[in-house]
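J.: Compact mmCIF, C-alpha atoms, file my_file-v4.txt:
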# COMPACT_ATOMS: atom_id res chain seq x y z
CA MET A 1300 103.14 76.82 157.44
CA VAL A 1301 102.24 75.22 160.75
CA SER A 1302 98.84 74.30 162.13
CA THR A 1303 97.59 72.70 165.33
CA PHE A 1304 94.97 69.98 165.26
CA LEU A 1305 91.20 70.18 165.16
CA SER A 1306 89.30 67.52 167.05
CA ILE A 1307 86.00 68.19 165.26
CA SER A 1308 85.34 67.28 161.63
CA VAL A 1309 85.30 70.27 159.28
CA TYR A 1310 82.30 68.76 157.50
CA ALA A 1311 78.92 69.55 159.02
CA GLU A 1312 76.68 68.35 156.17
CA GLU A 1313 76.23 64.86 154.74
CA ASN A 1314 79.20 63.68 152.71
CA THR A 1315 80.02 60.82 150.40
CA TRP A 1316 83.18 58.83 151.10
CA ASN A 1317 84.74 56.30 148.75
CA VAL A 1318 86.24 52.93 149.64
CA PHE A 1319 88.29 51.58 146.75
CA LEU A 1320 88.72 47.88 146.10
CA LYS A 1321 92.34 47.44 145.08
CA PRO A 1322 93.64 44.76 142.67
CA TYR A 1323 93.31 41.26 144.12
CA ASP A 1324 96.57 39.42 144.75
CA GLY A 1325 95.52 36.33 146.67
CA LEU A 1326 96.38 35.73 150.30
CA SER A 1327 99.74 37.49 149.98
CA LYS A 1328 98.13 40.95 150.04
CA LYS A 1329 96.96 41.87 153.53
CA GLU A 1330 94.45 44.52 152.51
CA LEU A 1331 91.86 44.85 149.76
CA PHE A 1332 90.04 47.97 150.93
CA LYS A 1333 91.42 51.51 150.68
CA PRO A 1334 91.12 52.99 153.23
CA ILE A 1335 91.25 50.12 155.71
CA GLU A 1336 89.31 52.04 158.37
CA LEU A 1337 87.11 54.94 157.28
CA PRO A 1338 85.89 57.56 159.79
CA ILE A 1339 82.57 59.18 158.86
CA SER A 1340 79.79 61.19 160.50
CA SER A 1341 76.31 59.83 161.14
CA GLY A 1342 74.18 59.96 158.00
CA ASP A 1343 77.12 60.05 155.58
CA LYS A 1344 77.12 57.93 152.45
CA VAL A 1345 79.81 55.31 151.82
CA THR A 1346 80.46 54.09 148.27
CA TRP A 1347 82.52 51.00 147.48
CA ARG A 1348 84.16 51.28 144.06
CA ASN A 1349 85.47 48.09 142.48
CA HIS A 1350 88.73 49.05 140.77
CA ASP A 1351 89.72 45.39 140.65
CA SER A 1352 89.61 43.08 137.62
CA THR A 1353 87.66 40.47 139.56
CA ALA A 1354 84.27 40.48 141.32
CA HIS A 1355 83.63 41.02 145.03
CA MET A 1356 80.63 40.85 147.38
CA ILE A 1357 80.63 43.33 150.26
CA VAL A 1358 78.64 42.41 153.35
CA SER A 1359 78.43 43.88 156.85
CA GLY A 1360 79.70 41.76 159.73
CA VAL A 1361 82.75 39.59 160.36
CA PRO A 1362 83.48 36.23 158.72
CA GLU A 1363 83.78 34.50 162.12
CA HIS A 1364 80.07 35.13 162.81
CA PRO A 1365 78.23 34.40 159.56
CA ASP A 1366 74.81 34.37 161.21
CA TYR A 1367 74.99 38.17 161.52
CA SER A 1368 76.46 38.91 158.09
CA GLY A 1369 74.43 41.27 155.93
CA GLU A 1370 72.33 42.54 158.82
CA PHE A 1371 73.05 46.19 157.93
CA PHE A 1372 74.10 46.14 154.27
CA SER A 1373 75.21 43.77 151.51
CA THR A 1374 75.85 43.83 147.79
CA SER A 1375 75.14 41.36 145.06
CA VAL A 1376 78.14 40.42 142.93
CA LEU A 1377 80.07 43.67 142.46
CA SER A 1378 81.65 43.28 139.03
CA PRO A 1379 84.76 45.23 137.94
CA GLY A 1380 83.89 48.90 137.53
CA GLU A 1381 80.65 48.69 139.54
CA ASN A 1382 79.83 50.67 142.69
CA PHE A 1383 77.63 50.18 145.75
CA SER A 1384 76.49 52.92 148.15
CA VAL A 1385 74.81 52.99 151.55
CA ASN A 1386 73.97 55.70 154.07
CA LEU A 1387 74.99 54.83 157.61
CA ASP A 1388 73.66 56.28 160.85
CA PHE A 1389 75.09 56.11 164.34
CA GLU A 1390 71.96 54.60 165.96
CA GLY A 1391 73.93 53.24 168.91
CA TYR A 1392 76.50 51.42 166.76
CA ALA A 1393 79.92 53.03 167.07
CA ALA A 1394 81.26 51.10 164.04
CA TYR A 1395 80.39 48.74 161.22
CA TYR A 1396 82.70 45.93 160.21
CA TYR A 1397 82.45 44.37 156.77
CA PHE A 1398 84.17 41.79 154.58
CA CYS A 1399 84.15 40.26 151.10
CA GLU A 1400 82.10 37.04 150.94
CA ILE A 1401 84.16 35.80 147.98
CA HIS A 1402 87.48 36.56 149.72
CA PRO A 1403 86.58 36.52 153.44
CA TRP A 1404 90.11 37.21 154.67
CA TYR A 1405 89.68 40.78 153.40
CA THR A 1406 87.95 42.95 156.01
CA GLY A 1407 87.26 46.63 156.54
CA LYS A 1408 85.76 48.96 159.11
CA ILE A 1409 83.68 52.14 159.16
CA PHE A 1410 83.30 54.09 162.40
CA PHE A 1411 81.65 57.31 163.50
CA GLU A 1412 83.97 60.13 164.45
CA ASP A 1413 80.98 62.08 165.81
CA ASN A 1414 80.40 59.35 168.37
CA PRO A 1415 80.05 61.31 171.64
CA ASN A 1416 81.82 58.53 173.52
CA MET A 1417 84.93 58.51 171.34
CA TYR A 1418 88.09 58.91 173.38
CA GLN A 1419 90.73 61.35 172.12
CA SER A 1420 94.32 60.18 172.63
CA THR A 1421 96.00 62.66 170.29
CA LEU A 1422 98.00 65.14 172.33
CA ASP A 1423 99.47 67.11 169.44
CA ILE A 1424 99.41 67.10 165.64
CA SER A 1425 100.67 69.70 163.20
CA TYR A 1426 101.86 70.09 159.63
CA GLU A 1427 104.37 72.13 157.69
CA THR A 1428 105.01 72.60 153.97
CA GLN A 1429 108.81 72.54 154.14
CA ASN A 1430 109.24 73.34 150.45
CA PRO A 1431 107.00 73.15 147.35
CA ASP A 1432 107.55 69.38 147.17
CA THR A 1433 107.31 68.16 150.78
CA LEU A 1434 104.55 68.08 153.37
CA LYS A 1435 105.63 67.19 156.93
CA ILE A 1436 103.09 65.76 159.39
CA ASN A 1437 104.12 65.14 162.99
CA GLY A 1438 102.48 64.64 166.36
CA LEU A 1439 102.20 62.88 169.69
CA VAL A 1440 99.64 60.47 171.16
CA GLU A 1441 99.30 59.07 174.66
CA SER A 1442 102.29 57.04 175.82
CA ASP A 1443 100.50 53.67 176.02
CA LEU A 1444 100.02 53.80 172.23
CA GLY A 1445 103.74 53.73 171.52
CA SER A 1446 104.63 51.26 168.73
CA THR A 1447 100.97 50.64 167.82
CA GLY A 1448 99.70 51.00 164.26
CA TYR A 1449 98.01 53.97 162.63
CA GLU A 1450 96.64 55.02 159.26
CA ILE A 1451 96.97 58.49 157.74
CA LEU A 1452 94.30 59.47 155.21
CA ILE A 1453 94.29 62.73 153.24
CA PHE A 1454 91.21 63.83 151.29
CA ASP A 1455 90.82 66.77 148.93
CA SER A 1456 87.93 69.24 149.22
CA LYS A 1457 85.66 66.86 147.25
CA ASN A 1458 86.39 63.94 149.61
CA ASN A 1459 88.65 62.17 147.11
CA LEU A 1460 91.28 60.09 148.90
CA VAL A 1461 94.62 61.37 147.60
CA PHE A 1462 96.99 59.80 150.14
CA GLN A 1463 97.05 56.77 152.42
CA LYS A 1464 99.86 55.59 154.67
CA VAL A 1465 99.86 52.71 157.17
CA ASP A 1466 102.62 52.87 159.78
CA SER A 1467 103.30 52.55 163.52
CA PHE A 1468 103.91 55.14 166.19
CA LYS A 1469 107.46 55.31 167.49
CA PRO A 1470 108.11 53.75 170.93
CA ASP A 1471 107.87 57.22 172.50
CA ALA A 1472 104.36 57.60 170.93
CA THR A 1473 105.46 60.25 168.43
CA PHE A 1474 105.14 60.07 164.66
CA ASP A 1475 106.25 62.02 161.62
CA GLU A 1476 105.59 61.59 157.93
CA PHE A 1477 107.23 63.30 154.97
CA ILE A 1478 104.87 63.31 151.99
CA ASP A 1479 105.86 64.07 148.40
CA ILE A 1480 103.38 66.63 147.06
CA SER A 1481 105.19 67.37 143.79
CA SER A 1482 102.88 65.36 141.49
CA TYR A 1483 100.00 66.87 139.50
CA MET A 1484 97.54 65.21 141.91
CA TRP A 1485 98.22 67.98 144.45
CA SER A 1486 98.04 70.86 141.93
CA HIS A 1487 94.24 71.25 141.62
CA ASP A 1488 93.23 71.98 145.19
CA LYS A 1489 94.69 73.83 148.15
CA ASN A 1490 92.26 72.66 150.85
CA TYR A 1491 92.65 69.14 152.24
CA VAL A 1492 91.59 67.19 155.29
CA LEU A 1493 93.89 64.74 157.07
CA LYS A 1494 92.47 62.02 159.30
CA LEU A 1495 94.73 60.14 161.70
CA VAL A 1496 93.11 56.77 162.49
CA TYR A 1497 94.31 54.42 165.22
CA GLY A 1498 93.41 52.48 168.35
CA ILE A 1499 90.86 49.92 169.56
CA PRO A 1500 88.17 51.13 169.68
CA SER A 1501 89.05 53.30 166.70
CA GLU A 1502 89.86 56.97 167.14
CA SER A 1503 90.11 59.68 164.52
CA THR A 1504 91.78 63.09 164.71
CA THR A 1505 91.01 65.57 161.94
CA LEU A 1506 93.46 68.20 160.70
CA SER A 1507 92.67 70.82 158.05
CA LEU A 1508 95.52 71.31 155.57
CA GLU A 1509 96.18 74.21 153.23
CA ILE A 1510 98.76 73.40 150.59
CA PRO A 1511 99.78 76.27 148.29
CA ILE A 1512 99.21 75.72 144.58
CA ASP A 1513 102.14 76.66 142.36
CA GLY A 1514 101.25 79.69 140.25
CA VAL A 1515 100.67 79.21 136.54
CA ASP A 1516 101.88 81.70 133.96
CA ASP A 1517 98.65 83.21 132.58
CA ASP A 1518 100.31 84.02 129.25
CA LEU A 1519 101.47 80.41 128.89
CA LYS A 1520 98.00 79.17 129.76
CA SER A 1521 96.48 81.50 127.14
CA LYS A 1522 98.92 80.28 124.47
CA SER A 1523 98.13 76.66 125.35
CA LEU A 1524 94.39 77.26 125.09
CA LYS A 1525 94.78 78.98 121.69
CA VAL A 1526 96.81 76.08 120.26
CA CYS A 1527 94.56 73.36 121.66
CA GLN A 1528 91.52 74.97 120.04
CA ASN A 1529 93.18 74.91 116.61
CA SER A 1530 91.52 72.01 114.77
CA GLU A 1531 93.97 71.87 111.84
CA PRO A 1532 95.52 68.35 111.79
CA SER A 1533 99.16 69.42 111.55
CA ASP A 1534 102.27 69.84 113.65
CA PHE A 1535 102.71 73.27 115.20
CA LEU A 1536 105.16 75.63 116.87
CA PHE A 1537 104.88 76.28 120.59
CA GLU A 1538 107.42 78.32 122.53
CA GLY A 1539 109.67 78.04 119.46
CA ILE A 1540 109.57 74.23 119.46
CA SER A 1541 107.95 72.06 116.78
CA LEU A 1542 105.39 69.80 118.47
CA PRO A 1543 103.31 66.93 117.02
CA ASN A 1544 99.62 67.47 116.35
CA TRP A 1545 98.61 64.96 119.05
CA TYR A 1546 100.18 67.19 121.72
CA LYS A 1547 97.33 69.69 121.32
CA LYS A 1548 95.27 67.49 123.61
CA PRO A 1549 97.77 67.68 126.52
CA LEU A 1550 97.90 71.45 126.02
CA CYS A 1551 94.13 71.50 126.55
CA TRP A 1552 94.62 69.45 129.70
CA PHE A 1553 97.22 71.95 130.90
CA SER A 1554 94.94 74.93 130.23
CA ASP A 1555 92.23 73.14 132.24
CA GLY A 1556 94.62 72.63 135.15
CA PHE A 1557 95.05 68.86 134.95
CA PHE A 1558 98.84 68.96 135.22
CA THR A 1559 101.43 71.47 136.36
CA GLN A 1560 103.49 74.06 134.56
CA LYS A 1561 106.62 72.12 135.48
CA GLU A 1562 105.27 69.02 133.74
CA LEU A 1563 104.55 71.10 130.63
CA SER A 1564 108.07 72.56 130.76
CA ASP A 1565 109.54 69.07 131.07
CA SER A 1566 107.62 68.03 127.95
CA ILE A 1567 108.94 71.04 126.03
CA VAL A 1568 112.48 70.09 127.06
CA PHE A 1569 111.83 66.52 125.89
CA PHE A 1570 110.70 67.67 122.43
CA ARG A 1571 113.60 70.13 122.19
CA ASN A 1572 116.05 67.30 122.92
CA GLN A 1573 114.37 65.20 120.22
CA HIS A 1574 114.99 67.97 117.71
CA PRO A 1575 118.03 69.95 118.92
CA GLN A 1576 118.12 72.04 115.73
CA ASN A 1577 114.92 73.85 116.77
Translate the structure described by the file into structure tokens.
T.:
Amino acid sequence: MVSTFLSISVYAEENTWNVFLKPYDGLSKKELFKPIELPISSGDKVTWRNHDSTAHMIVSGVPEHPDYSGEFFSTSVLSPGENFSVNLDFEGYAAYYYFCEIHPWYTGKIFFEDNPNMYQSTLDISYETQNPDTLKINGLVESDLGSTGYEILIFDSKNNLVFQKVDSFKPDATFDEFIDISSYMWSHDKNYVLKLVYGIPSESTTLSLEIPIDGVDDDLKSKSLKVCQNSEPSDFLFEGISLPNWYKKPLCWFSDGFFTQKELSDSIVFFRNQHPQN
């Protein structure tokens, strides 16, 4: 499957985008925020989610100019597990920078991809699902961007960030990425959006992705659902293999589509190897 790029966002209505705060590791880790630069449309909501075990304080601005910090948004202490949201409009500002007041060397950026003055340097971008396990992304930008950095972001249809990669264009201004899509994370959705982010000022190119979902045996799904609904606290037979009672819960997860048929098959093989007489 091959597709050429779209220069306009596929989202017309207001959306919510998440910025995750990754585990703190002192000065040795260059980035705290995931994604580092987030492209949005005017009026979209941005939510910072603290997945760290320590507190943070998010404030608009840059640490070198503290007099302007917090002019557009700021949080109180954002404890582990807490979130903070804000709606941002274009209003003449092409981008918003922000940082953590507790750890000011960590910075992030939000910019508007519907900015009418945004320059487009992407000359070509396409994708191909080479096999069920590999997604290939490749493209070309203008020659003066050779060897400069970029960020690839892939979101599912609910705007969940499922992939992030920071890299640099090749000297000839081309790039290619080979992405492993074999994990269960890619098995629940077939419609994704890729955003290629790069440049100063920041540019964003949007590419719609359709990744086939591996088919699931309906009979196997039905058997899994029947077993998982059995409330008797005992071991049970499934596909001729004796399985422990606690495995009814994963069978429910499988019937709900939370992991793939291959992962279920691998589990069955594991239990068969544990009890080769079955």
J.: Using only C-alpha atoms, pick whichever of A:Ser1533, A:Asn1416, A:Thr1374, A:Ser1425 has the shortest atom-to-atom distance to Glu1509 (chain A).
T.: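 With only C-alpha atoms as the atom set, the closest residue is A:Ser1425.
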J.: List every protein, DNA or RNA residue that has at least one atom no more than 8 Å from (101.2, 68.8, 155.1) in the file's coordinates, counting all atoms listed in the file, and write the result as a VMD selection string.
T.: chain A and resid 1426 to 1428 1433 to 1436 1478 1508 to 1510
J.: Choose the residue, out of A:Ser1541, A:Ser1530, A:Asn1314, A:Ser1521, that has the smallest atom-to-atom separation from Phe1553 (chain A); count all atoms listed in the file.
T.: A:Ser1521
J.: Quick check, in Å to one decimal: how far apart do CA of Lys1408 (chain A) and CA of Gly1380 (chain A) lie?
T.: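 For CA of Lys1408 (chain A) relative to CA of Gly1380 (chain A), the distance reads 21.7 Å.
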J.: Would you list the contacts of Leu1495 (chain A) as an NGL selection string, taking every protein, DNA or RNA residue within 9 Å and counting all atoms listed in the file, but skipping same-chain residues closer than 2 positions in sequence?
T.: :A and (1449-1453 or 1493 or 1497 or 1502-1506)
J.: Keeping only C-alpha atoms, write the selected residues as a compact mmCIF listing (two decimals), in the frame of the given file.
T.:
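New file result_35.txt:
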# COMPACT_ATOMS: atom_id res chain seq x y z
CA TYR A 1449 98.01 53.97 162.63
CA GLU A 1450 96.64 55.02 159.26
CA ILE A 1451 96.97 58.49 157.74
CA LEU A 1452 94.30 59.47 155.21
CA ILE A 1453 94.29 62.73 153.24
CA LEU A 1493 93.89 64.74 157.07
CA TYR A 1497 94.31 54.42 165.22
CA GLU A 1502 89.86 56.97 167.14
CA SER A 1503 90.11 59.68 164.52
CA THR A 1504 91.78 63.09 164.71
CA THR A 1505 91.01 65.57 161.94
CA LEU A 1506 93.46 68.20 160.70
J.: Do you have the CA of Ser1368 (chain A)-CA of Tyr1397 (chain A) distance handy?
T.: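 That distance, rounded to one decimal, is 8.2 Å.
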J.: CA of Ser1564 (chain A) and CA of Gln1528 (chain A), how far apart in Å?
T.: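 Taking CA of Gln1528 (chain A) as the start and CA of Ser1564 (chain A) as the end point, the length is 19.9 Å.
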J.: Which one of A:Pro1362, A:Pro1334, A:Pro1500, A:Pro1379 sits closest to Asn1349 (chain A) if you count all atoms listed in the file?
T.: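 Of A:Pro1362, A:Pro1334, A:Pro1500, A:Pro1379, the one nearest Asn1349 (chain A) is A:Pro1379, counting all atoms listed in the file.
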J.: Calculated over only C-alpha atoms, which of the candidates A:Leu1320, A:Ile1424, A:Cys1399, A:Ile1512 has the smallest distance to Gly1360 (chain A)?
T.: A:Cys1399
J.: Using all atoms listed in the file for the distances, tell me which of A:Glu1330, A:Asp1388, A:Glu1531, A:Glu1400 is nearest to Asn1544 (chain A).
T.: A:Glu1531
J.: Name the closest residue to Asn1386 (chain A) among the candidates A:Asp1324, A:Glu1370, A:Asp1343, A:Asp1466; distances are taken between atoms, counting only C-alpha atoms.
T.: A:Asp1343
J.: Do a neighbour search on Arg1348 (chain A) at 7 Å with all atoms listed in the file, toss out local chain neighbours closer than 5 positions, and write the hits as a ChimeraX atom specification.
T.: /A:1317-1320,1380-1383
